Amino acid sequence: MTNSTVLYASQKPLMEFFTLENKNGLKLKFTNLGGIVSEIHVPDRDGNFADVTLGFETVEEYRDHNDAYFGALIGRYGNRIGSCKFSLDGEMFDGLFANDGVNHLHGGKVGFDKVVWETELVSGDGYMGAKLTYRSPDGEEGYPGNLVATVLYKLTDENEWVIEYEATTDKVTVFNPTNHAYFNLAGHDGDSPLGHEMLINAAFFTPTDEAGIPTGEINSVEGTDLDFRSARVYGATVNSEDSLISRLGGYDHNWILDKQYGEFGLAAVAYEAQSGREMKVYTSEPGVQFYAGNFLDGSLTGKGGKVYQKRDGFCLETQHFPNSPNYGHFPSTTLRPGEVFRSKTVYAFGVR
Ligand code: GAL
């Protein structure tokens with residue numbers, strides 16, 4: 001475990017990188033700025049390592065232009081809340097920041113991705129990790145309640161990146177954190193991930209309007225290009241003419257996972273045939289946003305000078321459904337005083 005300070009003492013709080021390494025040589029590098037995971041080095045079937053997550057080299061680049069949310073913790077609410085408002089126990093909260101047209105996206109102007117997290121390196125049986133803590137004051141970004149969020153990152157000797165979220169509040173509020181890492185199992189600077197096979201463990205999804213706000217319907221994937229119950233190359237249908245897909249510019253949907261609510265289980269499997277690298281995603285969350293990187297457009301230059309073009313990385317963001325605070329029939333994202341929010345997601349790396 002190493003850490004290196006990359007900003008100057010005059011710039012407080014200090015933004016630093018930390019590196020976790022497991023007994024198999026896997027490395028996960030992150031910063032306390034936004035909990036951003038900037039490098040994940042995993043082996044292929046011949047033991048050759050590649051860095052499979054998109055990102056920048058310096059914290060300054062993350063601070064100044066991480067508009068794509070590379071590797072970042074997202075909160076207080078992952079994905080969108082329609083019209084920047086919701087009501088709780090009869091009280092209306094309409095002061096969320098509009099950063100996606102008239103809607104609220106990924107926690108607003110200064111979300112969890114843009115704050116510096118108190119970071120403590122920890123280790124335990126079979127893992128090295130870090131505990132990140134952020135105290136979000138009452139009213140921040142329009143959300144009620146003083147919220148204390150902790151996120152535990154672990155890199156296990158089983159080659160898993162484990163994320164455990166916890167939170168408490170002193171007023172009733174909504175909470176729905178996620179992580180926004182982009183992956184390319186060929187390496188962040190390798191061939192396009194559009195050739196990856198994708199499996200999503202879901203028979204239903206939440207259709208949206210053109211702005212990505214769920215309509216409230218719950219549709220079957222059967223017979224649609226959103227059916228990933230069997231693994232298949234997602235690039236073949238990412239330009240589907242199905243208007244539910246084309247209106248969002250490609251895959252950028254919430255799938256409803258085939259498991260009991262709260263149960264920890266499989267969300268998705270991504271596989272890159274040439275390297276043999278596979279990533280299985282498990283979560284206790286009810287949904288996953290498979291976002292195909294449709295908004296990447298060549299304007300961001302990342303590690304090693306790699307220019308990230310459209311769809312050069314994909315995200316599997318485990319979450320509650322977008323806009324849940326406005327739909328009583330979606331699983332609840334309400335967090336009350338006295339309750340402890342708990343959620344766990346695992347990205348497990350292997351080869352075939
Ligand atoms: C995703 C979201 C996309 C886009 C992206 C950030 O989570 O689903 O619509 O906003 O984040 O560019």
# chains A, B, ... in the order shown; residues from 1 in each chain; ligands from 1
$ residues_around --residues "A:Thr206" --least-positions-apart "6" --cutoff "10 Å" --atoms "only C-alpha atoms" --output "VMD selection string"
chain A and resid 212 to 221 253 to 256 287 321 to 322 330
$ residues_near_ligand --ligand "ligand 1" --cutoff "9 Å" --atoms "only C-alpha atoms and all ligand atoms" --output "JSON, numbers by chain"
{"A": [67, 68, 69, 70, 78, 79, 80, 100, 105, 106, 180, 211, 212, 248, 251, 252, 253, 254, 289, 290, 291, 292, 293, 294, 295, 296, 315, 316, 317, 322]}
$ atom_distance --atom1 "atom CA of A:Leu73" --atom2 "atom CA of A:Phe97"
17.9 Å
$ select_by_dssp --residues "stretch 124-343 of chain A" --states "strand (DSSP E or B)" --output "number ranges by chain"
A: 124, 127-136, 147-156, 160-169, 173-174, 176, 178-179, 182-183, 197-200, 202-206, 208, 214, 219-220, 232-233, 252-257, 265-271, 277-283, 287-291, 300-301, 307-308, 314-319, 334-335, 341-343
$ residues_around --residues "A:Pro286" --least-positions-apart "4" --cutoff "7 Å" --atoms "only C-alpha atoms" --output "MDAnalysis selection string"
chainID A and resid 256:257 261:262 319:320
$ closest_residue --among "A:Cys84, A:Met128, A:Leu266, A:Ala348" --to "A:Asn159" --atoms "only C-alpha atoms"
A:Ala348
$ closest_residue --among "A:Gln274, A:Thr58, A:Ser192, A:Thr169" --to "A:Tyr308" --atoms "only C-alpha atoms"
A:Ser192
$ select_by_dssp --residues "stretch 27-166 of chain A" --states "helix (DSSP H, G or I)" --output "list in words"
Val59, Glu60, Glu61, Tyr62, Arg63, Asp64, His65, Gly82, Ser83, Cys84, Phe112, Asp113, Lys114, Glu140, Glu141 and Gly142 of chain A
$ closest_residue --among "A:Val122, A:Val346, A:Leu54, A:Val174" --to "A:Glu39" --atoms "only C-alpha atoms"
A:Leu54
$ closest_residue --among "A:Asn32, A:Ser332, A:Thr19, A:Ser123" --to "A:Ala72" --atoms "only C-alpha atoms"
A:Asn32
$ closest_atom_pairs --of "stretch 164-202 of chain A" --to "stretch 152-156 of chain A" --cutoff "12 Å" --atoms "only C-alpha atoms" --output "tab-separated table"
residue	atom	partner	partner_atom	distance
A:Glu164	CA	A:Leu152	CA	5.0
A:Tyr165	CA	A:Leu152	CA	6.5
A:Glu166	CA	A:Leu152	CA	8.5
A:Ala167	CA	A:Leu152	CA	11.6
A:Asn179	CA	A:Tyr153	CA	11.0
$ residues_around --residues "A:Gly95" --least-positions-apart "6" --cutoff "8 Å" --atoms "only C-alpha atoms" --output "PyMOL selection string"
chain A and resi 84-85+141-143
$ residues_around --residues "A:Glu61" --least-positions-apart "3" --cutoff "12 Å" --atoms "only C-alpha atoms" --output "PyMOL selection string"
chain A and resi 6-7+15+31+33+36+38+55-58+64-70+114+300-303
$ closest_residue --among "A:Gly82, A:Val115, A:Tyr127, A:Glu160" --to "A:Val102" --atoms "only C-alpha atoms"
A:Gly82
$ residues_around --residues "A:Asp297" --least-positions-apart "6" --cutoff "10 Å" --atoms "only C-alpha atoms" --output "list in words"
Val307, Tyr308, Gln309, Lys310, Arg311 and Asp312 of chain A
$ residues_around --residues "A:Arg336" --least-positions-apart "4" --cutoff "10 Å" --atoms "only C-alpha atoms" --output "VMD selection string"
chain A and resid 145 168 to 175 340 to 341
$ decode --residues "stretch 214-228 of chain A" --atoms "all heavy atoms" --output "PDB file, in the first residue's frame"
ATOM      1  N   PRO A 214     -37.011   7.971 -16.209  1.00  0.00           N
ATOM      2  CA  PRO A 214     -37.952   6.860 -16.346  1.00  0.00           C
ATOM      3  C   PRO A 214     -39.395   7.353 -16.450  1.00  0.00           C
ATOM      4  O   PRO A 214     -39.792   8.312 -15.775  1.00  0.00           O
ATOM      5  CB  PRO A 214     -37.740   6.050 -15.058  1.00  0.00           C
ATOM      6  CG  PRO A 214     -36.330   6.339 -14.684  1.00  0.00           C
ATOM      7  CD  PRO A 214     -36.106   7.774 -15.068  1.00  0.00           C
ATOM      8  N   THR A 215     -40.134   6.674 -17.319  1.00  0.00           N
ATOM      9  CA  THR A 215     -41.551   7.028 -17.482  1.00  0.00           C
ATOM     10  C   THR A 215     -42.386   6.438 -16.354  1.00  0.00           C
ATOM     11  O   THR A 215     -43.557   6.788 -16.219  1.00  0.00           O
ATOM     12  CB  THR A 215     -42.073   6.443 -18.802  1.00  0.00           C
ATOM     13  OG1 THR A 215     -41.881   5.009 -18.749  1.00  0.00           O
ATOM     14  CG2 THR A 215     -41.344   7.015 -20.004  1.00  0.00           C
ATOM     15  N   GLY A 216     -41.803   5.536 -15.582  1.00  0.00           N
ATOM     16  CA  GLY A 216     -42.540   4.850 -14.518  1.00  0.00           C
ATOM     17  C   GLY A 216     -42.959   3.453 -14.948  1.00  0.00           C
ATOM     18  O   GLY A 216     -43.332   2.629 -14.120  1.00  0.00           O
ATOM     19  N   GLU A 217     -42.853   3.187 -16.260  1.00  0.00           N
ATOM     20  CA  GLU A 217     -43.198   1.838 -16.744  1.00  0.00           C
ATOM     21  C   GLU A 217     -42.082   0.862 -16.390  1.00  0.00           C
ATOM     22  O   GLU A 217     -40.925   1.252 -16.208  1.00  0.00           O
ATOM     23  CB  GLU A 217     -43.321   1.842 -18.268  1.00  0.00           C
ATOM     24  CG  GLU A 217     -44.444   2.679 -18.836  1.00  0.00           C
ATOM     25  CD  GLU A 217     -44.142   3.017 -20.286  1.00  0.00           C
ATOM     26  OE1 GLU A 217     -43.329   3.924 -20.519  1.00  0.00           O
ATOM     27  OE2 GLU A 217     -44.713   2.355 -21.171  1.00  0.00           O
ATOM     28  N   ILE A 218     -42.465  -0.400 -16.356  1.00  0.00           N
ATOM     29  CA  ILE A 218     -41.485  -1.478 -16.175  1.00  0.00           C
ATOM     30  C   ILE A 218     -41.723  -2.429 -17.341  1.00  0.00           C
ATOM     31  O   ILE A 218     -42.795  -3.032 -17.440  1.00  0.00           O
ATOM     32  CB  ILE A 218     -41.687  -2.143 -14.805  1.00  0.00           C
ATOM     33  CG1 ILE A 218     -41.290  -1.109 -13.738  1.00  0.00           C
ATOM     34  CG2 ILE A 218     -40.894  -3.438 -14.706  1.00  0.00           C
ATOM     35  CD1 ILE A 218     -41.242  -1.594 -12.333  1.00  0.00           C
ATOM     36  N   ASN A 219     -40.767  -2.481 -18.261  1.00  0.00           N
ATOM     37  CA  ASN A 219     -40.973  -3.266 -19.484  1.00  0.00           C
ATOM     38  C   ASN A 219     -40.100  -4.511 -19.500  1.00  0.00           C
ATOM     39  O   ASN A 219     -38.987  -4.506 -18.962  1.00  0.00           O
ATOM     40  CB  ASN A 219     -40.602  -2.430 -20.718  1.00  0.00           C
ATOM     41  CG  ASN A 219     -41.694  -1.448 -21.096  1.00  0.00           C
ATOM     42  OD1 ASN A 219     -42.625  -1.209 -20.330  1.00  0.00           O
ATOM     43  ND2 ASN A 219     -41.558  -0.862 -22.279  1.00  0.00           N
ATOM     44  N   SER A 220     -40.585  -5.523 -20.195  1.00  0.00           N
ATOM     45  CA  SER A 220     -39.811  -6.734 -20.394  1.00  0.00           C
ATOM     46  C   SER A 220     -38.740  -6.483 -21.457  1.00  0.00           C
ATOM     47  O   SER A 220     -38.977  -5.746 -22.421  1.00  0.00           O
ATOM     48  CB  SER A 220     -40.753  -7.851 -20.859  1.00  0.00           C
ATOM     49  OG  SER A 220     -39.991  -8.947 -21.308  1.00  0.00           O
ATOM     50  N   VAL A 221     -37.593  -7.136 -21.312  1.00  0.00           N
ATOM     51  CA  VAL A 221     -36.542  -7.027 -22.333  1.00  0.00           C
ATOM     52  C   VAL A 221     -36.809  -7.993 -23.494  1.00  0.00           C
ATOM     53  O   VAL A 221     -36.192  -7.868 -24.562  1.00  0.00           O
ATOM     54  CB  VAL A 221     -35.134  -7.323 -21.753  1.00  0.00           C
ATOM     55  CG1 VAL A 221     -34.772  -6.328 -20.662  1.00  0.00           C
ATOM     56  CG2 VAL A 221     -35.026  -8.762 -21.235  1.00  0.00           C
ATOM     57  N   GLU A 222     -37.707  -8.919 -23.276  1.00  0.00           N
ATOM     58  CA  GLU A 222     -38.009  -9.972 -24.253  1.00  0.00           C
ATOM     59  C   GLU A 222     -38.239  -9.383 -25.651  1.00  0.00           C
ATOM     60  O   GLU A 222     -39.047  -8.466 -25.814  1.00  0.00           O
ATOM     61  CB  GLU A 222     -39.283 -10.698 -23.788  1.00  0.00           C
ATOM     62  CG  GLU A 222     -39.739 -11.831 -24.673  1.00  0.00           C
ATOM     63  CD  GLU A 222     -38.981 -13.115 -24.392  1.00  0.00           C
ATOM     64  OE1 GLU A 222     -38.775 -13.432 -23.206  1.00  0.00           O
ATOM     65  OE2 GLU A 222     -38.590 -13.776 -25.362  1.00  0.00           O
ATOM     66  N   GLY A 223     -37.507  -9.887 -26.626  1.00  0.00           N
ATOM     67  CA  GLY A 223     -37.701  -9.457 -28.002  1.00  0.00           C
ATOM     68  C   GLY A 223     -37.157  -8.073 -28.309  1.00  0.00           C
ATOM     69  O   GLY A 223     -37.420  -7.531 -29.381  1.00  0.00           O
ATOM     70  N   THR A 224     -36.397  -7.471 -27.384  1.00  0.00           N
ATOM     71  CA  THR A 224     -35.826  -6.142 -27.629  1.00  0.00           C
ATOM     72  C   THR A 224     -34.299  -6.219 -27.617  1.00  0.00           C
ATOM     73  O   THR A 224     -33.716  -7.216 -27.162  1.00  0.00           O
ATOM     74  CB  THR A 224     -36.239  -5.115 -26.545  1.00  0.00           C
ATOM     75  OG1 THR A 224     -35.447  -5.371 -25.361  1.00  0.00           O
ATOM     76  CG2 THR A 224     -37.718  -5.203 -26.194  1.00  0.00           C
ATOM     77  N   ASP A 225     -33.670  -5.153 -28.082  1.00  0.00           N
ATOM     78  CA  ASP A 225     -32.204  -5.085 -28.051  1.00  0.00           C
ATOM     79  C   ASP A 225     -31.669  -4.807 -26.649  1.00  0.00           C
ATOM     80  O   ASP A 225     -30.463  -4.619 -26.470  1.00  0.00           O
ATOM     81  CB  ASP A 225     -31.716  -4.033 -29.046  1.00  0.00           C
ATOM     82  CG  ASP A 225     -31.866  -4.508 -30.492  1.00  0.00           C
ATOM     83  OD1 ASP A 225     -31.829  -5.741 -30.717  1.00  0.00           O
ATOM     84  OD2 ASP A 225     -32.036  -3.648 -31.390  1.00  0.00           O
ATOM     85  N   LEU A 226     -32.559  -4.767 -25.681  1.00  0.00           N
ATOM     86  CA  LEU A 226     -32.127  -4.626 -24.286  1.00  0.00           C
ATOM     87  C   LEU A 226     -32.031  -5.989 -23.596  1.00  0.00           C
ATOM     88  O   LEU A 226     -31.754  -6.063 -22.401  1.00  0.00           O
ATOM     89  CB  LEU A 226     -33.092  -3.713 -23.532  1.00  0.00           C
ATOM     90  CG  LEU A 226     -32.993  -2.253 -23.993  1.00  0.00           C
ATOM     91  CD1 LEU A 226     -34.347  -1.576 -23.992  1.00  0.00           C
ATOM     92  CD2 LEU A 226     -32.008  -1.473 -23.151  1.00  0.00           C
ATOM     93  N   ASP A 227     -32.245  -7.036 -24.358  1.00  0.00           N
ATOM     94  CA  ASP A 227     -32.182  -8.383 -23.780  1.00  0.00           C
ATOM     95  C   ASP A 227     -30.736  -8.881 -23.788  1.00  0.00           C
ATOM     96  O   ASP A 227     -30.197  -9.257 -24.837  1.00  0.00           O
ATOM     97  CB  ASP A 227     -33.086  -9.331 -24.581  1.00  0.00           C
ATOM     98  CG  ASP A 227     -33.247 -10.683 -23.878  1.00  0.00           C
ATOM     99  OD1 ASP A 227     -32.485 -10.953 -22.925  1.00  0.00           O
ATOM    100  OD2 ASP A 227     -34.129 -11.450 -24.295  1.00  0.00           O
ATOM    101  N   PHE A 228     -30.124  -8.878 -22.606  1.00  0.00           N
ATOM    102  CA  PHE A 228     -28.751  -9.377 -22.439  1.00  0.00           C
ATOM    103  C   PHE A 228     -28.730 -10.562 -21.491  1.00  0.00           C
ATOM    104  O   PHE A 228     -27.741 -10.789 -20.800  1.00  0.00           O
ATOM    105  CB  PHE A 228     -27.838  -8.259 -21.906  1.00  0.00           C
ATOM    106  CG  PHE A 228     -27.437  -7.257 -22.955  1.00  0.00           C
ATOM    107  CD1 PHE A 228     -28.092  -6.039 -23.047  1.00  0.00           C
ATOM    108  CD2 PHE A 228     -26.421  -7.531 -23.856  1.00  0.00           C
ATOM    109  CE1 PHE A 228     -27.736  -5.111 -24.010  1.00  0.00           C
ATOM    110  CE2 PHE A 228     -26.053  -6.608 -24.829  1.00  0.00           C
ATOM    111  CZ  PHE A 228     -26.707  -5.390 -24.906  1.00  0.00           C
TER     112      PHE A 228
END
